[in-house]
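Dumped my_file.cif below, it's mmCIF, C-alpha atoms:
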```cif
data_entry
loop_
_atom_site.group_PDB
_atom_site.id
_atom_site.type_symbol
_atom_site.label_atom_id
_atom_site.label_comp_id
_atom_site.auth_asym_id
_atom_site.auth_seq_id
_atom_site.Cartn_x
_atom_site.Cartn_y
_atom_site.Cartn_z
ATOM 1 C CA MET A 30 21.680 -4.482 17.832
ATOM 2 C CA ASP A 31 22.936 -3.409 14.405
ATOM 3 C CA LEU A 32 22.178 0.314 14.084
ATOM 4 C CA GLY A 33 23.851 0.271 10.685
ATOM 5 C CA ILE A 34 20.598 -1.133 9.289
ATOM 6 C CA LEU A 35 19.041 2.282 9.843
ATOM 7 C CA PHE A 36 21.442 3.697 7.259
ATOM 8 C CA TYR A 37 20.956 1.082 4.556
ATOM 9 C CA ILE A 38 20.398 2.712 1.163
ATOM 10 C CA PRO A 39 16.790 1.455 0.785
ATOM 11 C CA ASN A 40 15.960 2.744 4.274
ATOM 12 C CA ILE A 41 17.438 6.153 3.492
ATOM 13 C CA ILE A 42 15.185 6.190 0.436
ATOM 14 C CA GLY A 43 12.305 5.473 2.810
ATOM 15 C CA TYR A 44 13.180 8.527 4.904
ATOM 16 C CA VAL A 45 13.330 10.639 1.746
ATOM 17 C CA ARG A 46 9.910 9.325 0.725
ATOM 18 C CA ILE A 47 8.473 10.427 4.072
ATOM 19 C CA MET A 48 9.874 13.937 3.613
ATOM 20 C CA LEU A 49 8.549 14.118 0.058
ATOM 21 C CA ALA A 50 5.087 13.017 1.175
ATOM 22 C CA ALA A 51 5.127 15.497 4.062
ATOM 23 C CA GLY A 52 6.155 18.256 1.650
ATOM 24 C CA ALA A 53 3.321 17.261 -0.660
ATOM 25 C CA PHE A 54 0.745 17.506 2.115
ATOM 26 C CA ILE A 55 2.054 20.908 3.199
ATOM 27 C CA ASN A 56 1.356 21.998 -0.387
ATOM 28 C CA TYR A 57 -1.930 20.088 -0.673
ATOM 29 C CA ASP A 58 -3.794 23.061 -2.163
ATOM 30 C CA ASN A 59 -1.026 23.686 -4.705
ATOM 31 C CA PRO A 60 -1.674 20.935 -7.279
ATOM 32 C CA GLY A 61 1.549 21.432 -9.210
ATOM 33 C CA THR A 62 3.836 21.041 -6.213
ATOM 34 C CA PHE A 63 1.701 18.347 -4.621
ATOM 35 C CA VAL A 64 1.616 16.078 -7.674
ATOM 36 C CA VAL A 65 5.363 16.352 -8.290
ATOM 37 C CA LEU A 66 6.319 15.602 -4.677
ATOM 38 C CA TYR A 67 3.743 12.864 -4.110
ATOM 39 C CA THR A 68 4.410 11.149 -7.442
ATOM 40 C CA THR A 69 8.161 11.190 -6.759
ATOM 41 C CA SER A 70 7.528 9.550 -3.395
ATOM 42 C CA ILE A 71 5.482 6.814 -5.078
ATOM 43 C CA ALA A 72 8.120 6.287 -7.783
ATOM 44 C CA LEU A 73 10.835 5.801 -5.178
ATOM 45 C CA ASP A 74 8.774 2.955 -3.720
ATOM 46 C CA GLY A 75 9.944 0.740 -6.566
ATOM 47 C CA ILE A 76 13.566 1.828 -6.265
ATOM 48 C CA ASP A 77 14.082 0.985 -2.593
ATOM 49 C CA GLY A 78 13.266 -2.680 -3.172
ATOM 50 C CA TYR A 79 15.656 -2.816 -6.117
ATOM 51 C CA CYS A 80 18.439 -1.248 -4.029
ATOM 52 C CA ALA A 81 17.781 -3.659 -1.166
ATOM 53 C CA ARG A 82 18.341 -6.623 -3.488
ATOM 54 C CA LYS A 83 21.214 -5.117 -5.474
ATOM 55 C CA PHE A 84 23.256 -4.069 -2.436
ATOM 56 C CA ASN A 85 22.192 -7.051 -0.332
ATOM 57 C CA GLN A 86 20.590 -4.729 2.210
ATOM 58 C CA CYS A 87 17.293 -6.487 2.824
ATOM 59 C CA SER A 88 16.099 -6.212 6.420
ATOM 60 C CA LYS A 89 12.982 -6.710 8.502
ATOM 61 C CA PHE A 90 13.148 -3.043 9.479
ATOM 62 C CA GLY A 91 13.293 -2.032 5.822
ATOM 63 C CA ALA A 92 10.296 -4.199 4.934
ATOM 64 C CA TRP A 93 8.364 -2.672 7.837
ATOM 65 C CA LEU A 94 9.424 0.893 6.968
ATOM 66 C CA ASP A 95 8.411 0.468 3.329
ATOM 67 C CA VAL A 96 4.837 -0.432 4.264
ATOM 68 C CA VAL A 97 4.611 2.249 6.968
ATOM 69 C CA VAL A 98 5.649 4.957 4.494
ATOM 70 C CA ASP A 99 3.033 3.721 2.007
ATOM 71 C CA LEU A 100 0.299 3.711 4.638
ATOM 72 C CA PHE A 101 1.293 7.145 5.918
ATOM 73 C CA SER A 102 1.202 8.650 2.429
ATOM 74 C CA ARG A 103 -1.994 7.026 1.216
ATOM 75 C CA GLY A 104 -3.672 7.399 4.577
ATOM 76 C CA TYR A 105 -3.236 11.146 4.724
ATOM 77 C CA LEU A 106 -4.400 11.555 1.136
ATOM 78 C CA TRP A 107 -7.516 9.413 1.601
ATOM 79 C CA CYS A 108 -8.478 11.378 4.712
ATOM 80 C CA ALA A 109 -7.844 14.680 2.945
ATOM 81 C CA LEU A 110 -10.004 13.629 -0.008
ATOM 82 C CA PHE A 111 -13.007 12.243 1.854
ATOM 83 C CA ARG A 112 -14.452 12.361 5.338
ATOM 84 C CA ASN A 113 -14.926 8.586 5.181
ATOM 85 C CA GLY A 114 -11.490 8.015 3.680
ATOM 86 C CA TYR A 115 -10.432 6.857 7.126
ATOM 87 C CA LEU A 116 -12.322 3.599 6.529
ATOM 88 C CA ILE A 117 -9.936 2.738 3.681
ATOM 89 C CA VAL A 118 -6.970 3.721 5.838
ATOM 90 C CA PHE A 119 -8.304 1.558 8.662
ATOM 91 C CA LEU A 120 -8.599 -1.486 6.383
ATOM 92 C CA GLU A 121 -5.030 -1.028 5.145
ATOM 93 C CA TRP A 122 -3.596 -0.745 8.663
ATOM 94 C CA VAL A 123 -5.566 -3.755 9.910
ATOM 95 C CA THR A 124 -4.321 -5.738 6.926
ATOM 96 C CA PHE A 125 -0.750 -4.711 7.748
ATOM 97 C CA VAL A 126 -1.177 -6.018 11.284
ATOM 98 C CA SER A 127 -2.868 -9.159 9.986
ATOM 99 C CA THR A 128 -0.050 -10.054 7.597
ATOM 100 C CA HIS A 129 2.920 -8.957 9.707
ATOM 101 C CA TYR A 130 2.910 -12.130 11.793
ATOM 102 C CA ARG A 131 3.594 -14.129 8.625
ATOM 103 C CA GLY A 132 7.022 -12.517 8.395
ATOM 104 C CA GLU A 133 8.947 -12.106 5.157
ATOM 105 C CA ASN A 134 6.894 -14.793 3.403
ATOM 106 C CA TRP A 135 3.538 -13.079 3.844
ATOM 107 C CA ARG A 136 3.112 -12.929 0.058
ATOM 108 C CA THR A 137 3.358 -16.697 -0.253
ATOM 109 C CA THR A 138 -0.082 -18.224 -0.721
ATOM 110 C CA GLU A 139 -1.271 -21.585 0.491
ATOM 111 C CA GLU A 140 -3.128 -24.294 -1.372
ATOM 112 C CA ASN A 141 -6.402 -23.650 0.467
ATOM 113 C CA PHE A 142 -6.431 -19.928 -0.367
ATOM 114 C CA PRO A 143 -9.285 -18.740 -2.632
ATOM 115 C CA TYR A 144 -8.546 -18.750 -6.352
ATOM 116 C CA LEU A 145 -8.873 -14.969 -6.637
ATOM 117 C CA VAL A 146 -6.436 -14.344 -3.780
ATOM 118 C CA LYS A 147 -3.856 -16.686 -5.307
ATOM 119 C CA LYS A 148 -4.162 -14.999 -8.694
ATOM 120 C CA VAL A 149 -3.579 -11.555 -7.191
ATOM 121 C CA MET A 150 -0.661 -12.678 -5.021
ATOM 122 C CA ASP A 151 0.958 -15.001 -7.573
ATOM 123 C CA LYS A 152 4.568 -14.220 -8.576
ATOM 124 C CA GLY A 153 4.772 -11.312 -6.147
ATOM 125 C CA PHE A 154 1.811 -9.485 -7.717
ATOM 126 C CA LYS A 155 3.410 -9.828 -11.172
ATOM 127 C CA THR A 156 0.158 -10.942 -12.795
ATOM 128 C CA PRO A 157 -2.569 -8.904 -14.546
ATOM 129 C CA LEU A 158 -4.787 -9.042 -11.454
ATOM 130 C CA GLY A 159 -1.804 -8.341 -9.225
ATOM 131 C CA PHE A 160 -0.811 -5.274 -11.235
ATOM 132 C CA LEU A 161 -4.405 -4.031 -11.199
ATOM 133 C CA ALA A 162 -4.794 -4.494 -7.441
ATOM 134 C CA VAL A 163 -1.446 -2.984 -6.418
ATOM 135 C CA GLY A 164 -1.586 -0.279 -9.082
ATOM 136 C CA SER A 165 -5.003 0.878 -7.940
ATOM 137 C CA LEU A 166 -3.821 0.835 -4.337
ATOM 138 C CA HIS A 167 -1.195 3.483 -5.124
ATOM 139 C CA ILE A 168 -2.730 5.379 -8.031
ATOM 140 C CA LEU A 169 -6.450 5.664 -7.209
ATOM 141 C CA PRO A 170 -6.138 8.289 -4.427
ATOM 142 C CA LEU A 171 -3.711 10.322 -6.547
ATOM 143 C CA TRP A 172 -6.042 10.023 -9.542
ATOM 144 C CA LEU A 173 -8.983 11.220 -7.441
ATOM 145 C CA TYR A 174 -6.884 14.169 -6.294
ATOM 146 C CA GLY A 175 -6.124 14.959 -9.945
ATOM 147 C CA CYS A 176 -9.815 14.870 -10.812
ATOM 148 C CA THR A 177 -10.758 17.003 -7.820
ATOM 149 C CA TYR A 178 -8.209 19.699 -8.654
ATOM 150 C CA HIS A 179 -8.696 19.380 -12.439
ATOM 151 C CA VAL A 180 -5.044 18.485 -12.913
ATOM 152 C CA LEU A 181 -5.740 15.992 -15.703
ATOM 153 C CA THR A 182 -7.914 18.463 -17.571
ATOM 154 C CA HIS A 183 -5.642 21.504 -17.297
ATOM 155 C CA TRP A 184 -2.282 19.773 -17.741
ATOM 156 C CA LEU A 185 -3.017 16.917 -20.104
ATOM 157 C CA GLY A 186 -6.252 18.033 -21.680
ATOM 158 C CA TRP A 187 -7.885 14.665 -21.062
ATOM 159 C CA SER A 188 -11.639 14.499 -21.465
ATOM 160 C CA VAL A 189 -13.938 13.821 -18.551
ATOM 161 C CA TYR A 190 -14.826 10.462 -20.126
ATOM 162 C CA VAL A 191 -11.193 9.304 -20.010
ATOM 163 C CA GLN A 192 -10.793 10.496 -16.442
ATOM 164 C CA TYR A 193 -13.904 8.714 -15.216
ATOM 165 C CA GLY A 194 -13.179 5.623 -17.298
ATOM 166 C CA VAL A 195 -9.779 5.213 -15.641
ATOM 167 C CA MET A 196 -11.363 6.013 -12.277
ATOM 168 C CA VAL A 197 -13.834 3.145 -12.707
ATOM 169 C CA LEU A 198 -11.012 0.745 -13.625
ATOM 170 C CA LEU A 199 -8.927 1.814 -10.626
ATOM 171 C CA THR A 200 -11.945 1.544 -8.335
ATOM 172 C CA LEU A 201 -12.527 -2.033 -9.496
ATOM 173 C CA GLY A 202 -8.866 -2.744 -8.806
ATOM 174 C CA ARG A 203 -9.168 -1.258 -5.316
ATOM 175 C CA LEU A 204 -12.236 -3.394 -4.627
ATOM 176 C CA LEU A 205 -10.251 -6.435 -5.764
ATOM 177 C CA CYS A 206 -7.505 -5.421 -3.364
ATOM 178 C CA ALA A 207 -10.087 -5.036 -0.576
ATOM 179 C CA ILE A 208 -11.267 -8.616 -1.147
ATOM 180 C CA VAL A 209 -7.700 -9.849 -0.630
ATOM 181 C CA GLU A 210 -7.239 -7.597 2.416
ATOM 182 C CA LEU A 211 -10.425 -8.849 4.058
ATOM 183 C CA PHE A 212 -9.351 -12.442 3.428
ATOM 184 C CA TYR A 213 -6.051 -11.881 5.250
ATOM 185 C CA VAL A 214 -7.843 -10.161 8.120
ATOM 186 C CA LYS A 215 -10.169 -13.164 8.397
ATOM 187 C CA GLU A 216 -7.204 -15.560 8.357
ATOM 188 C CA TYR A 217 -5.513 -13.585 11.124
ATOM 189 C CA ILE A 218 -8.622 -13.661 13.289
ATOM 190 C CA ILE A 219 -8.785 -17.443 12.823
ATOM 191 C CA TYR A 220 -5.087 -17.635 13.741
ATOM 192 C CA LEU A 221 -5.668 -15.626 16.938
ATOM 193 C CA ILE A 222 -8.658 -17.715 17.973
ATOM 194 C CA SER A 223 -6.851 -20.987 17.246
ATOM 195 C CA ASN A 224 -3.766 -19.961 19.219
ATOM 196 C CA ASN A 225 -5.921 -18.837 22.118
ATOM 197 C CA VAL A 226 -7.552 -22.280 22.209
ATOM 198 C CA ASP A 227 -4.110 -23.943 22.105
ATOM 199 C CA ALA A 228 -2.963 -21.757 25.015
ATOM 200 C CA LYS A 229 -5.973 -22.792 27.106
ATOM 201 C CA VAL A 230 -5.271 -26.464 26.389
ATOM 202 C CA LYS A 231 -1.632 -26.114 27.487
ATOM 203 C CA THR A 232 -2.515 -24.365 30.733
ATOM 204 C CA SER A 233 -5.319 -26.746 31.685
#
```
Could you rewrite the structure in this file as structure tokens?
Amino acid sequence: MDLGILFYIPNIIGYVRIMLAAGAFINYDNPGTFVVLYTTSIALDGIDGYCARKFNQCSKFGAWLDVVVDLFSRGYLWCALFRNGYLIVFLEWVTFVSTHYRGENWRTTEENFPYLVKKVMDKGFKTPLGFLAVGSLHILPLWLYGCTYHVLTHWLGWSVYVQYGVMVLLTLGRLLCAIVELFYVKEYIIYLISNNVDAKVKTS
């Protein structure tokens, strides 16, 4: 067991992200503090991956921690925003479980995958559809918080039309992301059923 992995730079960033998110939720009704802390936590999400590659500190624990921090942050915010926000959180956690068995190559698509799924996942999400799906995943709940607490109106002076226009775009992106998530959940269910059949054949 290499406990040094726990102190890799990208993993330390993950711990900081958790503290920032927790601080944001403690100040949920203080929009100024919440937005600064939560946005900083999101921004650090892109830095930990860069540090992992630059310092050759990639690890399975780090990959797991990165997703857990994301789900913790978004999950709390979705539940705080809406009573039914848990349904979105549930889908994200089920998707995490459904892709985890694929290991480090879970982003790699297969030839028989639907066209839309391949376009979103292509080049590690570095496609227009990929950016839209992943961007909406992170930004939509924060944007909804901003609309609810009138942050965009008071701070930036943006009109309601701009706010709702961006909200519609982000919602479409989140729906696109949900299509991909549901596909991976379906694939995992098929995997479980197939392996169960194989196990019965071996024991018979």
Could you work out an axis-aligned box for segment 181-193 of chain A, taking every atom the file lists and adding 3 Å on each side, and report centre and edge lengths in Å to one decimal, as AutoDock Vina command-line options?
```
--center_x -8.6 --center_y 15.1 --center_z -18.4 --size_x 18.5 --size_y 18.8 --size_z 12.5
```
Could you produce a table of the residues of segment 40-86 of chain A lying within 7 Å of segment 96-104 of chain A, with the nearest pair of atoms per residue and their separation in Å rounded to one decimal, using only C-alpha atoms, ordered by chain and increasing residue number, as a tab-separated table?
```
residue	atom	partner	partner_atom	distance
A:Gly43	CA	A:Val98	CA	6.9
A:Ile47	CA	A:Val98	CA	6.2
A:Ala50	CA	A:Ser102	CA	6.0
```
* Residue contacts of segment 123-126 of chain A (7 Å, all atoms listed in the file) excluding same-chain residues fewer than 4 positions away, as a list in words ->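 Close residues of segment 123-126 of chain A: Phe119, Glu210, Tyr213 and Val214 of chain A.
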Let's have the selection written as a compact mmCIF listing (two decimals), in the coordinates of the input, with C-alpha atoms.
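Result saved to selection_28.txt:
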```txt
# COMPACT_ATOMS: atom_id res chain seq x y z
CA PHE A 119 -8.30 1.56 8.66
CA GLU A 210 -7.24 -7.60 2.42
CA TYR A 213 -6.05 -11.88 5.25
CA VAL A 214 -7.84 -10.16 8.12
```
* Asked: Hey, which of A:Asn224, A:Asn113, A:Gln192, A:Thr137 ends up closest to Tyr174 of chain A? Count all atoms listed in the file.
  ->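 With all atoms listed in the file as the atom set, the closest residue is A:Gln192.
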* Please return, as a ChimeraX atom specification, all polymer residues that have at least one atom within 12 Å of the point (-1.2, -5.6, -8.2); use only C-alpha atoms and the file's own coordinate frame. => /A:136,146-168,199,201-207,209
